[in-house]
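Visitor: Just so it is clear, I am handing over coords_18.txt, which has compact mmCIF, C-alpha atoms.
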# COMPACT_ATOMS: atom_id res chain seq x y z
CA MET A 1 39.28 -16.78 23.10
CA ILE A 2 35.59 -17.60 22.37
CA ASN A 3 34.35 -20.31 24.72
CA VAL A 4 31.23 -22.45 24.39
CA GLU A 5 29.31 -20.34 26.90
CA THR A 6 29.92 -17.19 24.83
CA ILE A 7 28.69 -18.89 21.67
CA GLU A 8 25.61 -20.10 23.54
CA THR A 9 24.95 -16.58 24.81
CA ILE A 10 25.23 -15.20 21.26
CA THR A 11 22.92 -17.89 19.86
CA ARG A 12 20.38 -17.36 22.66
CA SER A 13 20.41 -13.60 22.11
CA LEU A 14 19.80 -14.04 18.41
CA TRP A 15 16.89 -16.50 18.74
CA ILE A 16 15.22 -14.48 21.51
CA SER A 17 15.43 -11.31 19.41
CA ALA A 18 14.38 -13.09 16.22
CA THR A 19 11.35 -14.62 17.95
CA ALA A 20 10.40 -11.28 19.49
CA THR A 21 10.74 -9.61 16.07
CA LEU A 22 8.62 -12.25 14.39
CA ILE A 23 5.86 -11.94 17.02
CA ALA A 24 5.94 -8.12 16.94
CA SER A 25 5.74 -8.17 13.14
CA LEU A 26 2.55 -10.24 13.27
CA TRP A 27 0.62 -7.36 14.80
CA SER A 28 2.76 -4.40 13.72
CA MET A 29 2.32 -4.97 9.97
CA PRO A 30 -1.50 -5.05 9.98
CA MET A 31 -1.45 -1.94 12.21
CA ALA A 32 0.91 -0.12 9.83
CA PHE A 33 -1.15 -1.09 6.76
CA THR A 34 -4.44 -0.11 8.40
CA LEU A 35 -2.95 3.23 9.45
CA ALA A 36 -1.57 3.86 5.97
CA LEU A 37 -5.02 3.40 4.41
CA ARG A 38 -6.57 6.02 6.68
CA ARG A 39 -6.51 9.75 6.07
CA ARG A 40 -6.34 11.32 9.54
CA THR A 41 -3.45 9.74 11.36
CA VAL A 42 -1.64 12.64 13.04
CA PHE A 43 -2.73 11.68 16.56
CA VAL A 44 -1.85 8.00 16.15
CA GLU A 45 1.43 8.91 14.46
CA ALA A 46 2.37 11.16 17.40
CA ILE A 47 1.64 8.39 19.91
CA LEU A 48 3.65 5.88 17.89
CA GLU A 49 6.62 8.24 17.59
CA ALA A 50 6.52 8.80 21.34
CA LEU A 51 6.38 5.07 22.07
CA VAL A 52 9.37 4.38 19.79
CA GLY A 53 11.55 6.05 22.38
CA ILE A 54 10.02 4.35 25.43
CA PRO A 55 12.84 3.44 27.88
CA ALA A 56 13.35 -0.33 27.95
CA VAL A 57 13.82 -0.24 31.74
CA LEU A 58 10.35 1.25 32.15
CA LEU A 59 8.82 -1.54 30.11
CA GLY A 60 11.00 -4.01 32.05
CA LEU A 61 9.67 -2.63 35.32
CA ILE A 62 6.02 -2.90 34.18
CA LEU A 63 6.55 -6.47 33.02
CA TYR A 64 8.39 -7.34 36.24
CA LEU A 65 5.43 -6.08 38.28
CA LEU A 66 3.04 -8.09 36.08
CA PHE A 67 5.05 -11.33 36.15
CA SER A 68 6.40 -11.22 39.74
CA SER A 69 4.98 -13.57 42.37
CA SER A 70 2.57 -10.90 43.62
CA GLY A 71 1.66 -9.66 40.13
CA PRO A 72 -1.57 -10.39 38.21
CA LEU A 73 0.24 -12.60 35.68
CA ALA A 74 2.30 -14.57 38.23
CA PHE A 75 0.37 -17.77 37.40
CA LEU A 76 2.06 -17.80 33.97
CA LYS A 77 5.40 -18.40 35.72
CA LEU A 78 7.23 -16.41 33.07
CA LEU A 79 9.53 -14.32 35.24
CA TYR A 80 13.21 -15.12 34.69
CA THR A 81 12.54 -17.16 31.57
CA PRO A 82 13.57 -16.43 27.96
CA PHE A 83 9.86 -16.13 27.10
CA ALA A 84 9.52 -13.12 29.39
CA ILE A 85 12.34 -11.45 27.44
CA VAL A 86 10.65 -12.38 24.14
CA ILE A 87 7.37 -10.78 25.29
CA GLY A 88 9.16 -7.67 26.58
CA GLU A 89 11.22 -7.19 23.45
CA SER A 90 8.26 -7.77 21.15
CA LEU A 91 6.31 -5.06 22.99
CA LEU A 92 9.34 -2.76 22.94
CA ILE A 93 9.84 -2.97 19.18
CA THR A 94 6.15 -2.88 18.18
CA PRO A 95 6.02 0.94 17.89
CA LEU A 96 9.32 0.98 15.99
CA ILE A 97 8.26 -1.65 13.42
CA THR A 98 4.78 -0.14 13.04
CA SER A 99 6.12 3.38 12.65
CA ALA A 100 8.92 2.42 10.24
CA CYS A 101 6.63 0.23 8.13
CA TYR A 102 3.91 2.92 8.11
CA ARG A 103 6.40 5.56 6.93
CA GLY A 104 7.61 3.20 4.22
CA VAL A 105 4.21 2.29 2.78
CA ARG A 106 1.95 5.29 3.51
CA ASN A 107 2.60 7.07 0.20
CA ILE A 108 1.94 4.09 -2.00
CA LEU A 109 -0.74 2.08 -0.19
CA LYS A 110 -3.76 4.30 -0.95
CA ASP A 111 -2.76 4.44 -4.61
CA LEU A 112 -2.31 0.66 -4.71
CA ARG A 113 -5.76 0.19 -3.17
CA GLU A 114 -7.34 2.43 -5.82
CA LEU A 115 -5.42 0.73 -8.62
CA GLY A 116 -6.28 -2.75 -7.35
CA LEU A 117 -9.97 -1.93 -6.98
CA SER A 118 -10.12 -0.26 -10.38
CA LEU A 119 -8.53 -3.28 -12.07
CA GLY A 120 -10.87 -5.74 -10.34
CA ALA A 121 -8.75 -7.18 -7.51
CA SER A 122 -10.53 -9.20 -4.82
CA ARG A 123 -9.74 -8.54 -1.14
CA PHE A 124 -7.17 -11.31 -1.07
CA GLN A 125 -5.61 -10.08 -4.34
CA LEU A 126 -5.42 -6.57 -2.87
CA LEU A 127 -3.49 -7.89 0.12
CA GLU A 128 -1.20 -9.82 -2.23
CA LEU A 129 -0.68 -6.61 -4.22
CA TYR A 130 0.21 -4.61 -1.08
CA ILE A 131 2.74 -7.22 0.02
CA ARG A 132 4.29 -7.59 -3.42
CA GLU A 133 4.70 -3.86 -3.94
CA THR A 134 5.78 -2.88 -0.42
CA TYR A 135 7.89 -5.81 0.78
CA PRO A 136 11.20 -3.87 0.78
CA ALA A 137 9.76 -1.36 3.28
CA VAL A 138 8.25 -4.19 5.30
CA ILE A 139 11.51 -6.15 5.46
CA ALA A 140 13.50 -3.01 6.27
CA SER A 141 11.22 -2.23 9.22
CA ILE A 142 11.50 -5.82 10.49
CA ILE A 143 15.30 -5.62 10.35
CA MET A 144 15.22 -2.33 12.25
CA GLY A 145 13.06 -3.97 14.91
CA PHE A 146 15.45 -6.93 15.21
CA SER A 147 18.41 -4.57 15.49
CA ARG A 148 16.75 -2.73 18.40
CA ALA A 149 15.72 -5.97 20.12
CA VAL A 150 19.16 -7.58 19.99
CA GLY A 151 20.82 -4.57 21.58
CA GLU A 152 18.27 -4.16 24.37
CA LEU A 153 19.43 -4.48 28.00
CA GLY A 154 16.80 -3.25 30.47
CA ILE A 155 14.11 -5.84 29.76
CA ALA A 156 16.52 -8.75 29.45
CA LEU A 157 18.04 -7.87 32.81
CA MET A 158 14.82 -7.18 34.72
CA VAL A 159 12.55 -9.98 33.52
CA GLY A 160 15.26 -12.39 32.34
CA GLY A 161 17.43 -12.18 35.40
CA ASN A 162 20.72 -12.85 33.55
CA ILE A 163 20.76 -16.53 34.53
CA ALA A 164 23.83 -18.28 33.07
CA GLY A 165 22.94 -20.86 30.44
CA PHE A 166 19.25 -19.93 30.53
CA THR A 167 18.39 -16.23 30.14
CA ARG A 168 21.80 -14.64 29.66
CA THR A 169 21.94 -12.54 26.50
CA MET A 170 24.79 -10.62 24.88
CA THR A 171 23.85 -7.34 26.53
CA THR A 172 23.32 -8.75 30.04
CA ALA A 173 26.55 -10.74 29.74
CA ILE A 174 28.47 -7.59 28.78
CA ALA A 175 27.01 -5.72 31.77
CA LEU A 176 28.04 -8.56 34.11
CA ASP A 177 31.52 -8.95 32.62
CA VAL A 178 32.23 -5.23 32.96
CA ALA A 179 31.00 -5.28 36.56
CA LYS A 180 33.38 -8.17 37.26
CA GLY A 181 36.23 -6.48 35.39
CA GLU A 182 36.39 -9.31 32.80
CA PHE A 183 36.70 -7.35 29.62
CA GLU A 184 37.80 -10.05 27.17
CA GLU A 185 34.40 -11.71 26.77
CA ALA A 186 32.68 -8.31 26.98
CA ILE A 187 34.71 -7.10 23.99
CA VAL A 188 33.93 -10.23 21.94
CA LEU A 189 30.21 -9.86 22.68
CA GLY A 190 30.34 -6.12 22.06
CA LEU A 191 31.95 -6.66 18.67
CA THR A 192 29.32 -9.31 17.83
CA LEU A 193 26.56 -6.84 18.75
CA LEU A 194 28.19 -4.13 16.68
CA SER A 195 28.58 -6.48 13.67
CA THR A 196 24.92 -7.50 13.96
CA SER A 197 23.82 -3.85 13.96
CA ILE A 198 26.09 -2.95 11.05
CA LEU A 199 24.89 -5.92 9.00
CA ALA A 200 21.26 -5.00 9.76
CA SER A 201 21.92 -1.40 8.74
CA ILE A 202 23.59 -2.47 5.48
CA ALA A 203 20.68 -4.80 4.74
CA VAL A 204 18.17 -1.97 5.28
CA LYS A 205 20.16 0.40 3.04
CA PHE A 206 20.47 -2.24 0.32
CA ILE A 207 16.80 -3.21 0.40
CA THR A 208 15.51 0.38 0.33
CA ARG A 209 18.00 1.36 -2.40
CA VAL A 210 16.78 -1.42 -4.67
CA ASP A 211 13.24 -0.06 -4.37
CA LYS A 212 13.82 3.61 -5.04
CA ASN A 213 12.24 3.88 -8.52
CA ASP A 214 9.15 6.09 -8.70
CA TYR A 215 5.93 4.15 -8.98
CA ARG A 216 3.86 7.02 -10.30
CA VAL A 217 3.95 10.33 -12.11
CA GLU A 218 4.10 13.38 -9.87
CA MET B 1 -24.70 -1.71 -17.89
CA ILE B 2 -26.13 1.48 -16.41
CA ILE B 3 -24.50 3.26 -13.46
CA GLU B 4 -26.76 5.75 -11.77
CA LEU B 5 -25.63 8.20 -9.09
CA ASN B 6 -28.56 9.48 -7.09
CA ASN B 7 -28.14 12.66 -5.02
CA VAL B 8 -24.52 11.89 -4.16
CA TRP B 9 -22.61 14.01 -1.66
CA HIS B 10 -19.00 13.43 -0.75
CA ARG B 11 -16.28 14.97 1.34
CA TYR B 12 -12.96 13.51 2.43
CA GLU B 13 -12.25 12.36 5.98
CA GLY B 14 -11.20 15.30 8.11
CA SER B 15 -12.44 17.92 5.66
CA LYS B 16 -15.53 20.07 6.14
CA LYS B 17 -15.76 21.03 2.48
CA TRP B 18 -18.12 19.01 0.30
CA ILE B 19 -16.27 17.92 -2.84
CA LEU B 20 -19.49 16.68 -4.45
CA ARG B 21 -22.96 18.07 -3.76
CA GLU B 22 -26.34 16.84 -4.99
CA VAL B 23 -24.82 14.94 -7.88
CA SER B 24 -27.27 12.85 -9.87
CA VAL B 25 -26.06 11.45 -13.15
CA ILE B 26 -26.25 8.32 -15.31
CA PHE B 27 -23.44 6.61 -17.23
CA ARG B 28 -24.31 3.98 -19.82
CA GLU B 29 -22.53 1.30 -21.81
CA GLY B 30 -21.92 2.43 -25.41
CA GLU B 31 -21.97 6.12 -24.55
CA ALA B 32 -19.11 8.63 -24.84
CA VAL B 33 -19.31 11.26 -22.12
CA LEU B 34 -17.03 14.22 -21.55
CA ILE B 35 -16.82 15.82 -18.11
CA THR B 36 -15.32 19.29 -17.97
CA GLY B 37 -14.78 21.82 -15.23
CA HIS B 38 -12.03 23.74 -13.51
CA ASN B 39 -9.50 22.13 -11.18
CA GLY B 40 -11.19 21.29 -7.89
CA SER B 41 -14.67 21.13 -9.42
CA GLY B 42 -15.02 17.49 -8.32
CA LYS B 43 -14.38 15.66 -11.62
CA THR B 44 -11.90 13.13 -10.23
CA THR B 45 -14.01 12.41 -7.14
CA LEU B 46 -17.06 11.89 -9.34
CA LEU B 47 -15.15 9.40 -11.49
CA LYS B 48 -13.82 7.53 -8.43
CA ILE B 49 -17.31 7.28 -6.96
CA ALA B 50 -18.88 6.21 -10.26
CA SER B 51 -16.19 3.52 -10.63
CA PHE B 52 -16.80 2.28 -7.03
CA ILE B 53 -13.36 3.18 -5.73
CA LEU B 54 -14.83 5.62 -3.23
CA LYS B 55 -18.01 5.13 -1.27
CA PRO B 56 -20.00 8.37 -1.14
CA LEU B 57 -20.83 9.83 2.24
CA ARG B 58 -24.43 10.41 1.18
CA GLY B 59 -26.56 9.24 -1.73
CA LYS B 60 -26.92 5.99 -3.62
CA ILE B 61 -25.26 4.36 -6.60
CA TYR B 62 -27.32 1.94 -8.60
CA VAL B 63 -25.90 -0.53 -11.10
CA ASP B 64 -28.65 -1.87 -13.32
CA LYS B 65 -31.15 -0.81 -10.61
CA GLN B 66 -29.20 -2.57 -7.81
CA ASP B 67 -27.82 -0.54 -4.90
CA PHE B 68 -24.10 -1.25 -5.37
CA TRP B 69 -22.91 -0.67 -1.80
CA ARG B 70 -25.54 -3.06 -0.42
CA LEU B 71 -24.49 -5.94 -2.65
CA SER B 72 -22.44 -8.92 -1.44
CA GLU B 73 -18.64 -8.78 -1.86
CA GLU B 74 -18.89 -11.33 -4.69
CA ASP B 75 -21.45 -9.26 -6.60
CA LYS B 76 -19.45 -6.07 -6.05
CA LEU B 77 -16.35 -7.76 -7.46
CA ARG B 78 -18.30 -9.09 -10.46
CA ILE B 79 -19.54 -5.57 -11.26
CA ARG B 80 -16.16 -3.93 -10.59
CA ARG B 81 -14.60 -6.28 -13.12
CA ASN B 82 -16.71 -4.75 -15.87
CA ILE B 83 -15.49 -1.20 -15.39
CA VAL B 84 -12.09 0.44 -15.12
CA TYR B 85 -10.88 3.75 -13.76
CA VAL B 86 -7.59 5.15 -15.10
CA HIS B 87 -5.81 7.58 -12.80
CA GLU B 88 -4.70 11.00 -13.96
CA LYS B 89 -1.33 10.21 -12.38
CA PRO B 90 -0.65 6.67 -13.61
CA ILE B 91 0.54 4.12 -11.09
CA MET B 92 3.02 1.51 -12.24
CA LEU B 93 3.60 -1.82 -10.54
CA LYS B 94 7.01 -3.40 -10.07
CA GLY B 95 8.06 -5.36 -13.14
CA SER B 96 8.09 -4.97 -16.89
CA VAL B 97 5.66 -2.96 -19.00
CA VAL B 98 4.14 -6.10 -20.48
CA TYR B 99 3.54 -7.50 -16.97
CA ASN B 100 1.82 -4.24 -15.97
CA VAL B 101 -0.49 -4.43 -18.99
CA ALA B 102 -1.19 -8.13 -18.41
CA TYR B 103 -1.83 -7.68 -14.66
CA PRO B 104 -5.66 -7.21 -14.84
CA LEU B 105 -5.94 -10.45 -16.82
CA LEU B 106 -3.79 -12.27 -14.27
CA LEU B 107 -6.18 -11.03 -11.56
CA ARG B 108 -8.97 -12.74 -13.49
CA GLY B 109 -7.15 -16.04 -13.50
CA CYS B 110 -5.87 -15.84 -17.07
CA LEU B 111 -2.84 -18.04 -17.75
CA ASP B 112 0.51 -16.22 -17.86
CA ASP B 113 1.25 -16.92 -21.53
CA GLU B 114 -2.23 -15.96 -22.67
CA ALA B 115 -2.20 -12.75 -20.61
CA LEU B 116 1.24 -11.73 -21.88
CA GLU B 117 0.22 -12.46 -25.49
CA LYS B 118 -2.86 -10.26 -25.14
CA ALA B 119 -0.77 -7.56 -23.46
CA MET B 120 1.63 -7.57 -26.41
CA TYR B 121 -1.31 -7.23 -28.79
CA VAL B 122 -2.61 -4.15 -26.94
CA LEU B 123 0.88 -2.65 -26.75
CA LYS B 124 1.26 -3.09 -30.53
CA LYS B 125 -2.11 -1.42 -31.06
CA LEU B 126 -0.83 1.60 -29.13
CA GLY B 127 2.54 1.54 -30.88
CA ALA B 128 4.31 0.75 -27.61
CA GLU B 129 5.58 -2.78 -28.27
CA ASP B 130 9.18 -1.55 -27.98
CA LEU B 131 8.55 -0.77 -24.32
CA ALA B 132 7.34 -4.28 -23.47
CA GLU B 133 10.40 -5.52 -21.57
CA ILE B 134 11.37 -2.22 -19.95
CA ASP B 135 10.99 -1.73 -16.17
CA ALA B 136 7.64 0.10 -15.97
CA ARG B 137 8.87 2.42 -13.24
CA LYS B 138 11.62 3.75 -15.47
CA LEU B 139 9.22 5.08 -18.11
CA SER B 140 8.59 8.75 -18.81
CA ALA B 141 5.33 10.33 -17.59
CA GLY B 142 3.80 10.10 -21.07
CA GLN B 143 4.80 6.47 -21.48
CA MET B 144 3.32 5.63 -18.06
CA GLN B 145 0.07 7.27 -19.12
CA LEU B 146 -0.02 5.26 -22.32
CA ILE B 147 0.68 2.02 -20.47
CA SER B 148 -2.02 2.71 -17.88
CA ILE B 149 -4.52 3.21 -20.71
CA ALA B 150 -3.33 -0.01 -22.35
CA ARG B 151 -3.79 -1.77 -18.99
CA ALA B 152 -7.40 -0.57 -18.86
CA LEU B 153 -8.23 -1.43 -22.46
CA ILE B 154 -6.91 -4.99 -22.29
CA LEU B 155 -9.99 -5.89 -20.26
CA GLY B 156 -12.48 -4.64 -22.83
CA PRO B 157 -14.46 -3.02 -20.00
CA LYS B 158 -18.12 -2.14 -20.42
CA ILE B 159 -17.41 1.36 -19.14
CA VAL B 160 -13.98 2.95 -18.80
CA PHE B 161 -13.41 6.12 -16.79
CA LEU B 162 -10.39 8.06 -18.01
CA ASP B 163 -9.20 10.86 -15.75
CA GLU B 164 -7.32 13.49 -17.82
CA PRO B 165 -5.92 10.87 -20.23
CA PHE B 166 -4.10 13.42 -22.37
CA ALA B 167 -2.24 15.14 -19.53
CA HIS B 168 1.26 13.80 -20.23
CA LEU B 169 0.99 12.67 -23.85
CA ASP B 170 2.54 14.25 -26.93
CA VAL B 171 0.32 15.22 -29.88
CA GLU B 172 0.95 11.99 -31.79
CA LYS B 173 -0.02 9.81 -28.81
CA GLN B 174 -3.01 12.02 -28.03
CA GLU B 175 -4.34 11.39 -31.55
CA LEU B 176 -3.72 7.68 -31.13
CA ILE B 177 -5.65 7.63 -27.85
CA VAL B 178 -8.55 9.52 -29.44
CA LYS B 179 -8.59 6.91 -32.22
CA VAL B 180 -8.61 4.07 -29.69
CA ILE B 181 -11.39 5.76 -27.69
CA LYS B 182 -13.51 6.08 -30.84
CA GLU B 183 -12.93 2.38 -31.54
CA GLU B 184 -14.03 1.47 -28.02
CA VAL B 185 -17.23 3.48 -28.39
CA SER B 186 -17.97 1.99 -31.81
CA ASN B 187 -17.52 -1.47 -30.23
CA GLY B 188 -20.33 -0.60 -27.81
CA ASN B 189 -18.19 0.17 -24.75
CA GLY B 190 -18.85 3.22 -22.62
CA ILE B 191 -16.22 5.92 -22.16
CA VAL B 192 -16.27 8.70 -19.59
CA ILE B 193 -13.44 11.21 -19.90
CA THR B 194 -12.49 14.21 -17.84
CA THR B 195 -10.44 16.85 -19.58
CA HIS B 196 -10.09 20.58 -19.70
CA THR B 197 -8.65 20.58 -23.22
CA ASN B 198 -10.28 20.05 -26.60
CA HIS B 199 -8.85 16.76 -27.80
CA ILE B 200 -12.22 15.17 -28.37
CA GLU B 201 -14.48 16.66 -30.99
CA TYR B 202 -18.12 17.10 -30.08
CA LYS B 203 -19.18 14.89 -33.00
CA ASP B 204 -17.49 11.93 -31.27
CA LEU B 205 -19.40 12.49 -28.03
CA ASP B 206 -22.88 11.60 -26.87
CA ARG B 207 -22.99 13.88 -23.86
CA ILE B 208 -21.13 16.66 -22.15
CA ILE B 209 -21.25 17.32 -18.42
CA VAL B 210 -20.00 20.56 -16.89
CA MET B 211 -19.05 20.70 -13.20
CA LYS B 212 -18.51 23.61 -10.88
CA ASP B 213 -17.86 23.63 -7.12
CA GLY B 214 -18.80 19.97 -6.75
CA MET B 215 -22.10 20.27 -8.62
CA ILE B 216 -23.19 19.34 -12.11
CA ILE B 217 -24.30 22.61 -13.69
CA GLU B 218 -24.91 21.20 -17.15
CA ASP B 219 -25.64 17.70 -18.50
CA ARG B 220 -26.38 17.99 -22.19
CA SER B 221 -26.86 15.38 -24.94
CA LEU B 222 -25.08 16.20 -28.20
Could I get this file's structure written as structure tokens?
Guide:
Amino acid sequence: MINVETIETITRSLWISATATLIASLWSMPMAFTLALRRRTVFVEAILEALVGIPAVLLGLILYLLFSSSGPLAFLKLLYTPFAIVIGESLLITPLITSACYRGVRNILKDLRELGLSLGASRFQLLELYIRETYPAVIASIIMGFSRAVGELGIALMVGGNIAGFTRTMTTAIALDVAKGEFEEAIVLGLTLLSTSILASIAVKFITRVDKNDYRVE
Amino acid sequence: MIIELNNVWHRYEGSKKWILREVSVIFREGEAVLITGHNGSGKTTLLKIASFILKPLRGKIYVDKQDFWRLSEEDKLRIRRNIVYVHEKPIMLKGSVVYNVAYPLLLRGCLDDEALEKAMYVLKKLGAEDLAEIDARKLSAGQMQLISIARALILGPKIVFLDEPFAHLDVEKQELIVKVIKEEVSNGNGIVITTHTNHIEYKDLDRIIVMKDGMIIEDRSL
């Protein structure tokens, strides 16, 4: 029932999404931490919330125009490569990871900064303290980002091109299979996507549940 | 060590209201100072500025005649490590009580065993050795307060700023804290306390500061 090509498609989907999540986390976490240490964030928060819901096809279109042969980034020769999908997905999930991480750490980070400074922590020790005390929220936001990336279709289709054995992902394969009326593989891939999302959701619930004890007196 | 605030003004980002206005005051090692005033009079902000947690919007802070905020990061850290500020609402880190108390020593590069041994000693002094292995975030409000004071005292700081240290403690623990504070002062350490209750007798104090609407309206030696 599951052929080699399907397994390859699943594997490719997972590594593309994992890479995109890793890259997005590299800039999303510092942004979330910086935001959490500031007092007036309503404007930035509103922009982030709006960007969380940005349609993937819109981002796909922008990237297509940038990477296409007449676009300003054509020299990179990224169009219809897995790297184009990685870039697109990492941009897509940046607002989600930043926003989720910010919401998870904003209440504790200012207090941790004050505690660390008052107990004589250096800058590096402060960073270590933030990571140690907030890692469940950080990991949960990364998992949420991965979950969104793996289920994304618009970008993978527009800048990846759904090339068999090269840029085909689970979502683009499902779209093609349905168009061709071949539902067997589509169902297998659909179930794999669903399992991935459920597992991610369980992981987020478990991680945030472990960390629910109050850290301070209210 | 002498910390001098010179014409300090402060307001929080996004607020137009000055929390501190024209505040000039000196805190010294070996001195017990009580700061009183109604809620919102600026006591907590004053303590956070004097303990270098907040940088004032206007004015200078001198530590032994040196402008603190113009010092190098290394010098700032060296000075910060001689003073401690204890929050009114204690903050507990993940992990056991003994780890929380030992944490400031671990920051200073103390070996784990040595830090934990010292932490146990301080906990015993405060009658809290039974709490040592408990998850610090599962403590009651009063226990958290006690542990946060223990965490400050383990360092033997030159000046300790205690923000409403009696807020969540029962009478027995309040008396114990007063006893420990007296000991600290007699050892030559400075103590600055904010409170709106009368747990500290005037005979145990060197000075009393009264605040109102962000200003010091009285600074009297006793």
Visitor: Between atom CA of Leu46 of chain B and atom CA of Ile216 of chain B, what is the spacing in Å?
Guide: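 Atom CA of Leu46 of chain B lies at a distance of 10.0 Å from atom CA of Ile216 of chain B.
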Visitor: So what do you get for atom CA of Glu164 of chain B versus atom CA of Tyr130 of chain A, distance-wise?
Guide: 25.8 Å
Visitor: One number please: atom CA of Ser41 of chain B to atom CA of Met211 of chain B, in Å, one decimal.
Guide: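 Computing it gives 5.8 Å between the two atoms.
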Visitor: As a PyMOL selection string, please: the residues near Thr169 of chain A (cut-off 7 Å, only C-alpha atoms, same-chain neighbours under 5 positions excluded).
Guide: chain A and resi 9-10+12-13
Visitor: Using all atoms listed in the file, can you tell me which of A:Ile7, A:Val138, A:Val86, A:Leu194 comes closest to Ser99 of chain A?
Guide: A:Val138
Visitor: Just checking: using all atoms listed in the file, which residue out of B:Val160, B:Leu205, B:Leu111, B:Val180 ends up closest to chain A?
Guide: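 Once distances to chain A are computed over all atoms listed in the file, the minimum belongs to B:Val160.
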Visitor: Rank A:Ile62, A:Cys101, A:Ile131, A:Ala175 by their smallest atom-to-atom distance to chain B, using all atoms listed in the file, and report the top residue only.
Guide: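 Ranked by minimum distance to chain B, first place goes to A:Ile131.
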Visitor: Would you give me, as number ranges by chain, the residues of chain B that come within 10 Å of chain A, using all atoms listed in the file?
Guide: B: 12-15, 48, 51-54, 73-74, 76-95, 103-108, 135-142, 144-145, 151-152, 155, 157, 160-161, 168
Visitor: So which residues touch Ile23 of chain A within 10 Å, counting only C-alpha atoms, skipping near sequence neighbours fewer than 5 positions away, as a PyMOL selection string?
Guide: chain A and resi 17-18+28+86-87+89-91+94
Visitor: Please reconstruct the missing atoms of segment 119-130 of chain B (target: N, CA and C atoms) and return them as a PDB file, in the frame of the given file.
Guide:
ATOM      1  N   ALA B 119      -1.406  -8.830 -23.830  1.00  0.00           N
ATOM      2  CA  ALA B 119      -0.770  -7.560 -23.460  1.00  0.00           C
ATOM      3  C   ALA B 119       0.080  -7.045 -24.612  1.00  0.00           C
ATOM      4  N   MET B 120       0.795  -7.960 -25.267  1.00  0.00           N
ATOM      5  CA  MET B 120       1.630  -7.570 -26.410  1.00  0.00           C
ATOM      6  C   MET B 120       0.761  -7.032 -27.546  1.00  0.00           C
ATOM      7  N   TYR B 121      -0.397  -7.663 -27.732  1.00  0.00           N
ATOM      8  CA  TYR B 121      -1.310  -7.230 -28.790  1.00  0.00           C
ATOM      9  C   TYR B 121      -1.774  -5.784 -28.547  1.00  0.00           C
ATOM     10  N   VAL B 122      -2.143  -5.511 -27.288  1.00  0.00           N
ATOM     11  CA  VAL B 122      -2.610  -4.150 -26.940  1.00  0.00           C
ATOM     12  C   VAL B 122      -1.471  -3.145 -27.074  1.00  0.00           C
ATOM     13  N   LEU B 123      -0.271  -3.556 -26.644  1.00  0.00           N
ATOM     14  CA  LEU B 123       0.880  -2.650 -26.750  1.00  0.00           C
ATOM     15  C   LEU B 123       1.155  -2.311 -28.219  1.00  0.00           C
ATOM     16  N   LYS B 124       1.040  -3.316 -29.094  1.00  0.00           N
ATOM     17  CA  LYS B 124       1.260  -3.090 -30.530  1.00  0.00           C
ATOM     18  C   LYS B 124       0.227  -2.104 -31.063  1.00  0.00           C
ATOM     19  N   LYS B 125      -1.011  -2.284 -30.618  1.00  0.00           N
ATOM     20  CA  LYS B 125      -2.110  -1.420 -31.060  1.00  0.00           C
ATOM     21  C   LYS B 125      -1.814   0.046 -30.703  1.00  0.00           C
ATOM     22  N   LEU B 126      -1.142   0.239 -29.569  1.00  0.00           N
ATOM     23  CA  LEU B 126      -0.830   1.600 -29.130  1.00  0.00           C
ATOM     24  C   LEU B 126       0.587   2.020 -29.543  1.00  0.00           C
ATOM     25  N   GLY B 127       1.203   1.208 -30.385  1.00  0.00           N
ATOM     26  CA  GLY B 127       2.540   1.540 -30.880  1.00  0.00           C
ATOM     27  C   GLY B 127       3.587   1.546 -29.770  1.00  0.00           C
ATOM     28  N   ALA B 128       3.385   0.734 -28.751  1.00  0.00           N
ATOM     29  CA  ALA B 128       4.310   0.750 -27.610  1.00  0.00           C
ATOM     30  C   ALA B 128       4.976  -0.602 -27.397  1.00  0.00           C
ATOM     31  N   GLU B 129       5.012  -1.433 -28.448  1.00  0.00           N
ATOM     32  CA  GLU B 129       5.580  -2.780 -28.270  1.00  0.00           C
ATOM     33  C   GLU B 129       7.066  -2.742 -27.914  1.00  0.00           C
ATOM     34  N   ASP B 130       7.758  -1.659 -28.306  1.00  0.00           N
ATOM     35  CA  ASP B 130       9.180  -1.550 -27.980  1.00  0.00           C
ATOM     36  C   ASP B 130       9.423  -1.418 -26.473  1.00  0.00           C
TER      37      ASP B 130
END
